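Novice: Provided herewith is a single structure, encoded as structure tokens, for subsequent inquiry.
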Amino acid sequence: MPSRTPDVLVVGGGIIGLVTAWRAAREGLATAVVDPAPGGGAARVAAGMLAAVTELHYGEEKLLALGVESARRYPDFAAELTELTGQDLGYRRCGTLAVALDADDRAQLRELHALQRRCGLESEWLSGRDCRRLEPMLAPGVRGGLRADGDHQIDPRRLASALVTACERTGVEFHRTWAARLDVAGDRAAGVTTADGTALGAGRVVLAGGGMSGRLAGVPDAVRPPVRPVKGQVLRLTVPPRYAPFLSRTVRAVVRGSHVYLVPRENGELVVGATSEELGWDTTVTAGGVYELLRDAHELVPGITELPLTETGAGLRPGSPDNAPLLGPSGLDGLLLATGHHRNGVLLTPVTGDAMAHLLVHGRLPEEALPFTPRRFGAAPPMTATTGTTDTTGTTGTTGTARTEQPA
Ligand code: GLY
């Protein structure tokens, strides 16, 4: 039976909101999600790399620890989700090969390798010839590469769909509409009012609206999450059976300063991503974006020009000031945050679900999530609720089939 006043109301039905709802409901909390199209959001566009090792950046060692922990949990998480829903998630333990195309790239990859070793991560330096032996479709000019067998992949669309089913099977109630504003009563979050004017009360509200998390009306300015949209354009190609296996693992490189990656799925889909653009709420797929991705991917794997281009899309990563998520109490009683996952939403899905459920049940974050409290950005009480309304109808993703994704 649906609860009239759930213990937990999650605003946003993208993968982060859904995993939070599923894990909360699994703990016995009456849980609801408000989102017009649960299972949408940035995951509709994302490639699904689980790349804690190859996406390591200087200064992000704390984030690395969270990513490694989430990657460690992925096999059990995926098995549990598949057992509950009967859905295959496209979880593939294929590994990743990051390659260099010129001397500068090679020097940069060598630096990354040294950093990985300092951080205790497993990766192996390969010569250009060894890279091509592993992946014969690579360009002859590849100068060397890093093999990270622990960096896997999952199909984010399947993940999102399975999470919707998991929520349904665990008794999560869905309100398929927009959350128009947060309702605050006596300095405490009390629920949301939806776009059609319905007031949904809740014991606690979790704001998990991806790039839109900073836009919900009624959230006091002092606790409004500093999340911004970071546009990523992505292409999907198809490998005809006669070319298979085209690539046997994820292949990536930095070409003229831009990251390009090719993620081959077992069903023949080849995802090529991604641009990184600070253009606000724009989700236009541009000729320039498609051109740059194809140009860079072609330098890496020349044979891709033979493949059918089946889809183009653009999504919005929820960027945060330090590229790490905001997990935990917002500073307003009753309002919790699970947002700002930037480039790592898919990777961090298991650990986020566990951390948020732990917080909701025990009132504190688990150890591994402590560095990611929103407090690090200095939420400053006392807080007052804002009274204006905010347009929450900005898009967060479009594809070549004119789909629009909105996560909150
Ligand atoms: N993690 C891949 C991306 O954000 O493009």
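Starting from 1 in every chain, residues are counted up; chains themselves are A, B, ... following the order of the structure tokens, and ligands are numbered from 1 as listed.
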Hey, what's within 9 Å of range 115-125 of chain A if we count only C-alpha atoms and toss same-chain stuff fewer than 2 positions away? As a ChimeraX atom specification, please?
Specialist: /A:53-54,56-58,61,64,110-113,127,144-150
Novice: Could you save the residues just selected, with all heavy atoms, as a short mmCIF file (atom, residue, chain, number, x, y, z; two decimals), in the first residue's frame?
Specialist:
data_model
loop_
_atom_site.label_atom_id
_atom_site.label_comp_id
_atom_site.auth_asym_id
_atom_site.auth_seq_id
_atom_site.Cartn_x
_atom_site.Cartn_y
_atom_site.Cartn_z
N VAL A 53 40.46 3.84 -12.18
CA VAL A 53 41.92 3.88 -12.38
C VAL A 53 42.29 4.81 -13.54
O VAL A 53 43.12 5.71 -13.39
CB VAL A 53 42.46 2.45 -12.62
CG1 VAL A 53 43.96 2.47 -12.90
CG2 VAL A 53 42.16 1.55 -11.42
N THR A 54 41.66 4.62 -14.70
CA THR A 54 42.08 5.43 -15.85
C THR A 54 41.52 6.86 -15.82
O THR A 54 42.00 7.72 -16.54
CB THR A 54 41.71 4.74 -17.18
OG1 THR A 54 40.42 4.19 -17.09
CG2 THR A 54 42.70 3.66 -17.53
N LEU A 56 41.68 8.67 -13.10
CA LEU A 56 42.33 9.33 -11.95
C LEU A 56 42.93 10.68 -12.39
O LEU A 56 43.53 10.78 -13.45
CB LEU A 56 43.44 8.42 -11.42
CG LEU A 56 44.35 9.01 -10.33
CD1 LEU A 56 43.54 9.33 -9.07
CD2 LEU A 56 45.46 8.02 -9.98
N HIS A 57 42.71 11.71 -11.56
CA HIS A 57 43.31 13.02 -11.82
C HIS A 57 44.07 13.49 -10.58
O HIS A 57 43.69 13.15 -9.46
CB HIS A 57 42.22 14.06 -12.15
CG HIS A 57 41.56 13.82 -13.47
ND1 HIS A 57 40.43 13.05 -13.60
CD2 HIS A 57 41.89 14.22 -14.72
CE1 HIS A 57 40.08 13.00 -14.87
NE2 HIS A 57 40.95 13.70 -15.58
N TYR A 58 45.12 14.29 -10.80
CA TYR A 58 45.86 14.85 -9.67
C TYR A 58 44.89 15.60 -8.75
O TYR A 58 44.00 16.29 -9.22
CB TYR A 58 46.91 15.84 -10.17
CG TYR A 58 48.15 15.16 -10.67
CD1 TYR A 58 48.38 15.03 -12.03
CD2 TYR A 58 49.08 14.62 -9.79
CE1 TYR A 58 49.50 14.38 -12.51
CE2 TYR A 58 50.20 13.96 -10.25
CZ TYR A 58 50.41 13.84 -11.61
OH TYR A 58 51.51 13.18 -12.07
N GLU A 61 42.51 12.33 -5.00
CA GLU A 61 42.77 11.04 -4.35
C GLU A 61 41.60 10.59 -3.45
O GLU A 61 41.32 9.40 -3.35
CB GLU A 61 44.08 11.10 -3.52
CG GLU A 61 45.35 11.11 -4.37
CD GLU A 61 45.69 12.47 -4.98
OE1 GLU A 61 44.93 13.44 -4.74
OE2 GLU A 61 46.71 12.58 -5.68
N LEU A 64 39.10 9.18 -5.64
CA LEU A 64 39.60 7.88 -6.09
C LEU A 64 39.20 6.79 -5.09
O LEU A 64 38.72 5.72 -5.48
CB LEU A 64 41.13 7.92 -6.22
CG LEU A 64 41.79 6.55 -6.40
CD1 LEU A 64 41.52 6.01 -7.80
CD2 LEU A 64 43.30 6.63 -6.16
N ARG A 110 52.68 8.38 -18.93
CA ARG A 110 53.73 7.90 -18.01
C ARG A 110 53.53 8.53 -16.62
O ARG A 110 53.67 7.87 -15.60
CB ARG A 110 55.12 8.26 -18.54
CG ARG A 110 55.59 7.36 -19.67
CD ARG A 110 56.03 6.02 -19.11
NE ARG A 110 56.86 5.27 -20.03
CZ ARG A 110 57.16 3.98 -19.88
NH1 ARG A 110 56.70 3.31 -18.85
NH2 ARG A 110 57.92 3.38 -20.73
N GLU A 111 53.21 9.83 -16.63
CA GLU A 111 52.92 10.53 -15.35
C GLU A 111 51.73 9.89 -14.65
O GLU A 111 51.74 9.68 -13.44
CB GLU A 111 52.59 12.01 -15.62
CG GLU A 111 53.76 12.85 -16.05
CD GLU A 111 54.66 13.16 -14.85
OE1 GLU A 111 54.13 13.39 -13.76
OE2 GLU A 111 55.90 13.14 -15.05
N LEU A 112 50.68 9.62 -15.45
CA LEU A 112 49.48 9.02 -14.87
C LEU A 112 49.82 7.65 -14.28
O LEU A 112 49.36 7.29 -13.19
CB LEU A 112 48.38 8.89 -15.94
CG LEU A 112 47.09 8.19 -15.49
CD1 LEU A 112 46.39 8.96 -14.37
CD2 LEU A 112 46.12 8.00 -16.66
N HIS A 113 50.65 6.91 -14.99
CA HIS A 113 51.05 5.59 -14.50
C HIS A 113 51.77 5.70 -13.16
O HIS A 113 51.49 4.95 -12.22
CB HIS A 113 51.96 4.91 -15.54
CG HIS A 113 52.21 3.47 -15.25
ND1 HIS A 113 53.39 2.84 -15.56
CD2 HIS A 113 51.43 2.53 -14.66
CE1 HIS A 113 53.32 1.58 -15.18
NE2 HIS A 113 52.15 1.36 -14.64
N SER A 127 54.04 -1.33 -24.58
CA SER A 127 54.58 -0.66 -25.78
C SER A 127 53.45 -0.51 -26.80
O SER A 127 52.39 -1.16 -26.69
CB SER A 127 55.68 -1.53 -26.38
OG SER A 127 55.10 -2.72 -26.88
N GLY A 144 52.22 3.76 -27.16
CA GLY A 144 52.31 3.07 -25.88
C GLY A 144 50.98 3.21 -25.16
O GLY A 144 50.09 3.95 -25.64
N GLY A 145 50.81 2.51 -24.04
CA GLY A 145 49.53 2.62 -23.37
C GLY A 145 49.55 2.01 -21.98
O GLY A 145 50.52 1.37 -21.57
N LEU A 146 48.47 2.25 -21.29
CA LEU A 146 48.29 1.75 -19.93
C LEU A 146 47.12 0.76 -19.93
O LEU A 146 46.01 1.12 -20.33
CB LEU A 146 47.91 2.89 -19.00
CG LEU A 146 49.02 3.69 -18.36
CD1 LEU A 146 48.41 4.78 -17.49
CD2 LEU A 146 49.90 2.78 -17.52
N ARG A 147 47.39 -0.43 -19.46
CA ARG A 147 46.34 -1.44 -19.40
C ARG A 147 45.82 -1.52 -17.96
O ARG A 147 46.60 -1.77 -17.04
CB ARG A 147 46.94 -2.78 -19.83
CG ARG A 147 46.00 -3.93 -19.70
CD ARG A 147 46.67 -5.20 -20.18
NE ARG A 147 45.78 -6.32 -20.00
CZ ARG A 147 45.98 -7.52 -20.50
NH1 ARG A 147 47.05 -7.78 -21.22
NH2 ARG A 147 45.10 -8.48 -20.28
N ALA A 148 44.53 -1.28 -17.79
CA ALA A 148 43.91 -1.35 -16.46
C ALA A 148 42.78 -2.37 -16.52
O ALA A 148 41.67 -2.04 -16.96
CB ALA A 148 43.39 0.03 -16.05
N ASP A 149 43.09 -3.57 -16.13
CA ASP A 149 42.09 -4.64 -16.24
C ASP A 149 40.93 -4.48 -15.25
O ASP A 149 39.88 -5.08 -15.42
CB ASP A 149 42.75 -6.02 -16.06
CG ASP A 149 43.58 -6.40 -17.28
OD1 ASP A 149 43.42 -5.75 -18.33
OD2 ASP A 149 44.40 -7.34 -17.19
N GLY A 150 41.15 -3.64 -14.22
CA GLY A 150 40.10 -3.46 -13.22
C GLY A 150 39.04 -2.43 -13.59
O GLY A 150 38.05 -2.28 -12.89
#
Novice: Give me, as a tab-separated table, each residue of chain A that comes within 10 Å of ligand 1, together with its shortest interatomic pair and the distance in Å at one decimal, counting only C-alpha atoms and all ligand atoms, with rows ordered by chain and rising residue number.
Specialist:
residue	atom	partner	partner_atom_place_in_ligand_line	distance
A:Ala42	CA	ligand 1	4 (O)	9.8
A:Val45	CA	ligand 1	5 (O)	9.7
A:Ala46	CA	ligand 1	3 (C)	7.0
A:Ala47	CA	ligand 1	2 (C)	6.9
A:Gly48	CA	ligand 1	1 (N)	7.3
A:Met49	CA	ligand 1	1 (N)	6.3
A:Leu50	CA	ligand 1	1 (N)	8.0
A:Ala51	CA	ligand 1	1 (N)	7.5
A:Ala52	CA	ligand 1	1 (N)	9.4
A:Glu55	CA	ligand 1	1 (N)	7.4
A:Val230	CA	ligand 1	4 (O)	9.0
A:Lys231	CA	ligand 1	4 (O)	9.1
A:Gly232	CA	ligand 1	5 (O)	6.5
A:Gln233	CA	ligand 1	5 (O)	8.5
A:Val234	CA	ligand 1	5 (O)	8.4
A:His259	CA	ligand 1	5 (O)	7.9
A:Val260	CA	ligand 1	5 (O)	8.3
A:Tyr261	CA	ligand 1	5 (O)	8.3
A:Val272	CA	ligand 1	5 (O)	9.6
A:Gly273	CA	ligand 1	5 (O)	6.2
A:Ala274	CA	ligand 1	5 (O)	4.9
A:Thr275	CA	ligand 1	5 (O)	7.0
A:Ser276	CA	ligand 1	5 (O)	7.1
A:Gly315	CA	ligand 1	4 (O)	9.6
A:Leu316	CA	ligand 1	4 (O)	9.2
A:Arg317	CA	ligand 1	4 (O)	6.9
A:Pro318	CA	ligand 1	4 (O)	9.7
A:Gly319	CA	ligand 1	4 (O)	9.8
A:His341	CA	ligand 1	4 (O)	9.5
A:His342	CA	ligand 1	4 (O)	6.7
A:Arg343	CA	ligand 1	4 (O)	3.6
A:Asn344	CA	ligand 1	1 (N)	5.4
A:Gly345	CA	ligand 1	1 (N)	7.9
A:Val346	CA	ligand 1	1 (N)	8.1
A:Leu347	CA	ligand 1	1 (N)	8.4
Novice: So that I can check the surroundings of Asp105 in chain A, please list as a list in words every protein, DNA and RNA residue that reaches within 10 Å of it, counting only C-alpha atoms and ignoring chain neighbours fewer than 4 positions away.
Specialist: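 Listing them by chain and then by number gives Val99, Ala100, Leu101, Leu109, Arg110, Glu111, Val142, Arg143, Gly144, Gly145, Ala253, Val254, Val255, Arg256 and Gly257 of chain A.
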Novice: Based on the selection just made, write C-alpha atoms of those residues as an mmCIF file, in the first residue's frame.
Specialist:
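Now in selection-v4.cif:
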data_model
loop_
_atom_site.group_PDB
_atom_site.id
_atom_site.type_symbol
_atom_site.label_atom_id
_atom_site.label_comp_id
_atom_site.auth_asym_id
_atom_site.auth_seq_id
_atom_site.Cartn_x
_atom_site.Cartn_y
_atom_site.Cartn_z
ATOM 1 C CA VAL A 99 46.835 4.871 -25.231
ATOM 2 C CA ALA A 100 49.157 7.643 -26.378
ATOM 3 C CA LEU A 101 49.234 8.902 -29.960
ATOM 4 C CA LEU A 109 50.391 8.750 -19.647
ATOM 5 C CA ARG A 110 53.727 7.902 -18.011
ATOM 6 C CA GLU A 111 52.921 10.527 -15.353
ATOM 7 C CA VAL A 142 49.985 4.344 -31.126
ATOM 8 C CA ARG A 143 53.106 4.995 -29.021
ATOM 9 C CA GLY A 144 52.308 3.070 -25.876
ATOM 10 C CA GLY A 145 49.529 2.622 -23.366
ATOM 11 C CA ALA A 253 43.129 8.582 -25.249
ATOM 12 C CA VAL A 254 43.659 12.295 -24.844
ATOM 13 C CA VAL A 255 43.779 13.814 -28.338
ATOM 14 C CA ARG A 256 44.825 17.503 -28.558
ATOM 15 C CA GLY A 257 43.811 17.914 -24.926
#
Novice: Quick one: everything within 12 Å of Ala185 in chain A, counting only C-alpha atoms, minus sequence neighbours fewer than 5 positions away in the same chain. Send it as a compact mmCIF listing (two decimals) with all heavy atoms, in the first residue's frame.
Specialist:
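Written out: selection_21.txt:
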# COMPACT_ATOMS: atom_id res chain seq x y z
N ALA A 190 9.73 19.74 4.56
CA ALA A 190 8.53 18.98 4.92
C ALA A 190 7.98 18.20 3.74
O ALA A 190 7.02 17.43 3.90
CB ALA A 190 7.46 19.93 5.45
N GLY A 191 8.56 18.38 2.56
CA GLY A 191 8.05 17.70 1.37
C GLY A 191 8.24 18.57 0.15
O GLY A 191 9.05 19.51 0.18
N VAL A 192 7.51 18.27 -0.92
CA VAL A 192 7.58 19.13 -2.11
C VAL A 192 6.16 19.38 -2.61
O VAL A 192 5.23 18.61 -2.32
CB VAL A 192 8.41 18.49 -3.25
CG1 VAL A 192 9.83 18.19 -2.82
CG2 VAL A 192 7.74 17.26 -3.84
N GLY A 201 3.94 15.41 1.32
CA GLY A 201 4.69 15.51 2.57
C GLY A 201 5.66 14.34 2.70
O GLY A 201 5.50 13.30 2.04
N ALA A 202 6.67 14.50 3.53
CA ALA A 202 7.64 13.42 3.74
C ALA A 202 8.40 13.66 5.03
O ALA A 202 8.59 14.80 5.45
CB ALA A 202 8.62 13.34 2.57
N GLY A 203 8.85 12.56 5.64
CA GLY A 203 9.69 12.68 6.83
C GLY A 203 11.00 13.38 6.49
O GLY A 203 11.45 14.28 7.18
N GLY A 218 12.41 27.06 -3.47
CA GLY A 218 12.11 26.81 -2.06
C GLY A 218 13.31 26.34 -1.26
O GLY A 218 13.27 26.34 -0.03
N VAL A 219 14.38 25.93 -1.94
CA VAL A 219 15.58 25.53 -1.21
C VAL A 219 16.29 26.80 -0.74
O VAL A 219 16.59 27.68 -1.55
CB VAL A 219 16.53 24.69 -2.10
CG1 VAL A 219 17.82 24.36 -1.36
CG2 VAL A 219 15.83 23.42 -2.58
N LEU A 332 19.87 22.13 6.07
CA LEU A 332 18.47 22.38 6.43
C LEU A 332 17.93 21.05 6.97
O LEU A 332 18.02 20.02 6.29
CB LEU A 332 17.67 22.80 5.19
CG LEU A 332 16.15 22.95 5.39
CD1 LEU A 332 15.84 24.15 6.29
CD2 LEU A 332 15.44 23.10 4.04
N ASP A 333 17.37 21.07 8.16
CA ASP A 333 16.83 19.84 8.74
C ASP A 333 15.89 19.16 7.75
O ASP A 333 15.04 19.81 7.14
CB ASP A 333 16.03 20.17 10.00
CG ASP A 333 16.89 20.08 11.25
OD1 ASP A 333 18.08 19.74 11.11
OD2 ASP A 333 16.36 20.37 12.34
N GLY A 334 16.05 17.87 7.65
CA GLY A 334 15.13 17.10 6.81
C GLY A 334 15.47 17.08 5.34
O GLY A 334 14.82 16.38 4.57
N LEU A 335 16.47 17.86 4.92
CA LEU A 335 16.85 17.88 3.50
C LEU A 335 18.25 17.29 3.35
O LEU A 335 19.23 17.81 3.91
CB LEU A 335 16.83 19.31 2.93
CG LEU A 335 17.25 19.40 1.45
CD1 LEU A 335 16.24 18.70 0.54
CD2 LEU A 335 17.42 20.85 1.00
N THR A 384 16.87 30.51 5.74
CA THR A 384 15.46 30.81 5.56
C THR A 384 15.04 30.29 4.20
O THR A 384 15.83 30.27 3.27
CB THR A 384 15.20 32.33 5.59
OG1 THR A 384 16.12 32.93 4.69
CG2 THR A 384 15.38 32.89 6.98
N ALA A 385 13.80 29.87 4.13
CA ALA A 385 13.31 29.33 2.86
C ALA A 385 13.09 30.46 1.87
O ALA A 385 12.61 31.53 2.24
CB ALA A 385 12.00 28.59 3.09
N THR A 386 13.48 30.23 0.61
CA THR A 386 13.19 31.23 -0.42
C THR A 386 11.74 31.09 -0.83
O THR A 386 11.14 30.03 -0.69
CB THR A 386 14.09 31.05 -1.65
OG1 THR A 386 13.97 29.70 -2.08
CG2 THR A 386 15.52 31.36 -1.33
Novice: So, with only C-alpha atoms as the atoms that count, which of A:Ala37, A:Leu262, A:Leu89, A:Met356 lies closest to Glu299 in chain A?
Specialist: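 Among the listed residues, A:Leu262 lies closest to Glu299 in chain A.
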Novice: Pick the closest to Gly128 in chain A from A:Val223, A:Ala103, A:Ala24, A:Val263: which is it, counting only C-alpha atoms?
Specialist: A:Ala103
Novice: Write out as a list in words each polymer residue whose atoms come within 7 Å of Gly353 in chain A, counting only C-alpha atoms; drop sequence neighbours fewer than 3 positions from it.
Specialist: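 Counting only the stated atoms, we get Val19, Thr20, Arg23, Thr349, Pro350, Met356 and Ala357 of chain A.
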Novice: How would the residues just chosen look if you wrote them out with N, CA and C atoms as a tab-separated table (two decimals), in the first residue's frame?
Specialist:
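Okay, result_17.tsv is ready:
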chain	number	residue	atom	x	y	z
A	19	VAL	N	18.75	4.63	-6.99
A	19	VAL	CA	19.50	3.72	-6.11
A	19	VAL	C	19.28	4.10	-4.65
A	20	THR	N	19.15	5.40	-4.39
A	20	THR	CA	18.88	5.86	-3.02
A	20	THR	C	17.52	5.33	-2.56
A	23	ARG	N	17.59	1.39	-2.10
A	23	ARG	CA	18.32	0.97	-0.89
A	23	ARG	C	17.57	1.41	0.38
A	349	THR	N	27.33	4.74	-8.27
A	349	THR	CA	25.95	4.36	-7.93
A	349	THR	C	25.88	3.41	-6.73
A	350	PRO	N	26.63	2.30	-6.70
A	350	PRO	CA	26.48	1.40	-5.54
A	350	PRO	C	26.85	2.06	-4.22
A	356	MET	N	23.63	6.58	1.34
A	356	MET	CA	22.40	7.32	1.64
A	356	MET	C	21.46	6.49	2.51
A	357	ALA	N	21.40	5.17	2.22
A	357	ALA	CA	20.54	4.31	3.06
A	357	ALA	C	21.07	4.27	4.49
